[in-house]
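> What follows is a single structure, and I will ask about it in a moment.
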Amino acid sequence: MIQFRKFALSKISRIAPRYLPFADVATEDLPLSRLLRLALFQVTVGMALVLLVGTLNRVMIVELNVPASLVGIMISLPLVFAPFRALIGFRSDIHKSALGWRRVPYIWKGTMLQFGGFAIMPFALLVLSGYGEAVDAPAWIGLSSAALAFLLVGAGVHMVQTVGLALATDLVPVEDQPKVVGLMYVMLLLGMIVSAIVFGALLTDYTPGRLIQVVQAAAVITVALNILALWKQEPRDRTRANSIAPVPEFREAWGVFVTGRNAIRLLIVIGLGTMGFGMADVLLEPYGGHVLDMSVAQTTRLTAVLAVGGLAGFALASRVLLRGADPIHVAFWGAVVGVPAFGAIVLAAPFHSVAGFVLGTLFAGFGAGLFGHGTLTATMRNAPREQIGLALGAWGAVQATAAGIAVALGGVIRDLIVAMPGSEAFAAEAPYVPVFALEIVFLALALLVAYPLLRRMAGPEQRAHYVSTKTTDLAAKSVP
Amino acid sequence: MSDPDKIWPTGLTEREAEEVHSYLIDGTRVFGVIALIAHLLVAVSTPWLG
């Protein structure tokens, strides 16, 4: 028995690590394949976003005949959780686990929430729309269960993305952060594009059964991809697991965070810039259709144009940042590009120039790519090592809230102008131009707030940092 | 294996084992509740058993 025990123990200790989800602590640098695998969590986030904002939005209104205002409320429910991202990030910073993990438990919980939301969502929507016998059911059942489903998915997405980004920041050295940010954005975009195409194709012949299949398949894929992304990524930290140091309160930690270099100013820039770039997202297609008489196929391709511009922006940002450019400069130039881009979109109406509009859209995507990459990289770089989760949580809170408000505000402004008495007399572009103009204003404000950062960020401290990392190419810094 | 806290046959310490167990329990609870809600909703729209 003793013999067997010894034999089994030695066997297990040799085999087990390969089958356990722990990372080697010793790995010095992260191979790209592992980073790519980690970025899979962004694919599930993109999938959830497309499903909520795109696919189900349409299915609820067109196929299920749910009132558009109710759909709007349901879709914006996850936004309620966006400010809690800072808290989630902070909790993951101080999480104490006997296993020595702090990010994995939160990503896992977020995954479960996402899965749970998707698991009940199709049934909740069918009940909400009064499918089958549900016509006789009291309305609150459908309303509350649909709200619950959306809240669960939203909370899960916020949790997975915040803590996932924090884990990625933990894992890579500072000089590789631009690479990670680029990868994360590209994977998010990829997840959104691929799932939009796949969901669209699967739901062309809509049946309630097909809706259930599609949404629940998304649930299973989410869990599978997130487990794959997490596997053997986070090293175990025994000293943290056994430490008895008192953990700070959120208020204290936040106080420390905001006294950091320009933390608040950077967050304001992120909020203004995200509002500036995000407001037109849902208005570009109707603008092209109503004002420039583009066909449906043409306006659908606009989304692709915007995405291509974004990808180009991420690529360029990764390139110059890896050469040592200041992320704030990159974000600044992204906002600078955005101003003429939206100007071209506005001017496309009087000149009736589809080419100008498409070009404007392309550059709006490009500027948004530069801006998003620059601000996220700056957030990562400025975050103190022990507050990475909090810093990325604050970034996510501001970014997600601003994007949500921007989309809602854009739609509301347009609808208000359309509903104004005597609006029939207005030109076709009247409801859209004020929104695009407002975007230019927001971008200008972002530039104004960001301007003092340009000089301060490149202060002596920063410069020393660049010399100490492998970058000697200081000239690249002035060419964002 | 030099760590005396580690317990046969998993090689986890007692605290680690308890944590792993807590994930199992939490998962079971959450999935149980989710399954219950899903079944209730299906029963509302397409009743079975009568």
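Order determines the names: the first chain of the structure tokens is A, the second B, and so forth; residues in each chain are numbered 1 upward, and ligands are numbered 1 upward as they are shown.
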Residues of chain B near chain A: apply a cut-off of 8 Å, count only C-alpha atoms, and supply the list as number ranges by chain.
B: 8-11, 15-16, 19, 27, 30-31, 34-35, 37-38, 41-42, 44-47
> Find the residues around Phe371 (chain A) up to 8 Å (only C-alpha atoms counted), leave out those fewer than 3 positions away in its own chain, and share them as a ChimeraX atom specification.
/A:273,330-335,367-368,374-375
> Within 8 Å of Glu439 (chain A), counting only C-alpha atoms, which residues qualify if same-chain residues fewer than 6 places away don't, as a list in words?
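Listed by chain and then number, they are Met275, Gly276, Phe277, Met279, Ala280 and Phe342 of chain A.
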> Quick one: pull the distance between CA of Val45 (chain A) and CA of Val282 (chain A), Å, one decimal.
19.2 Å
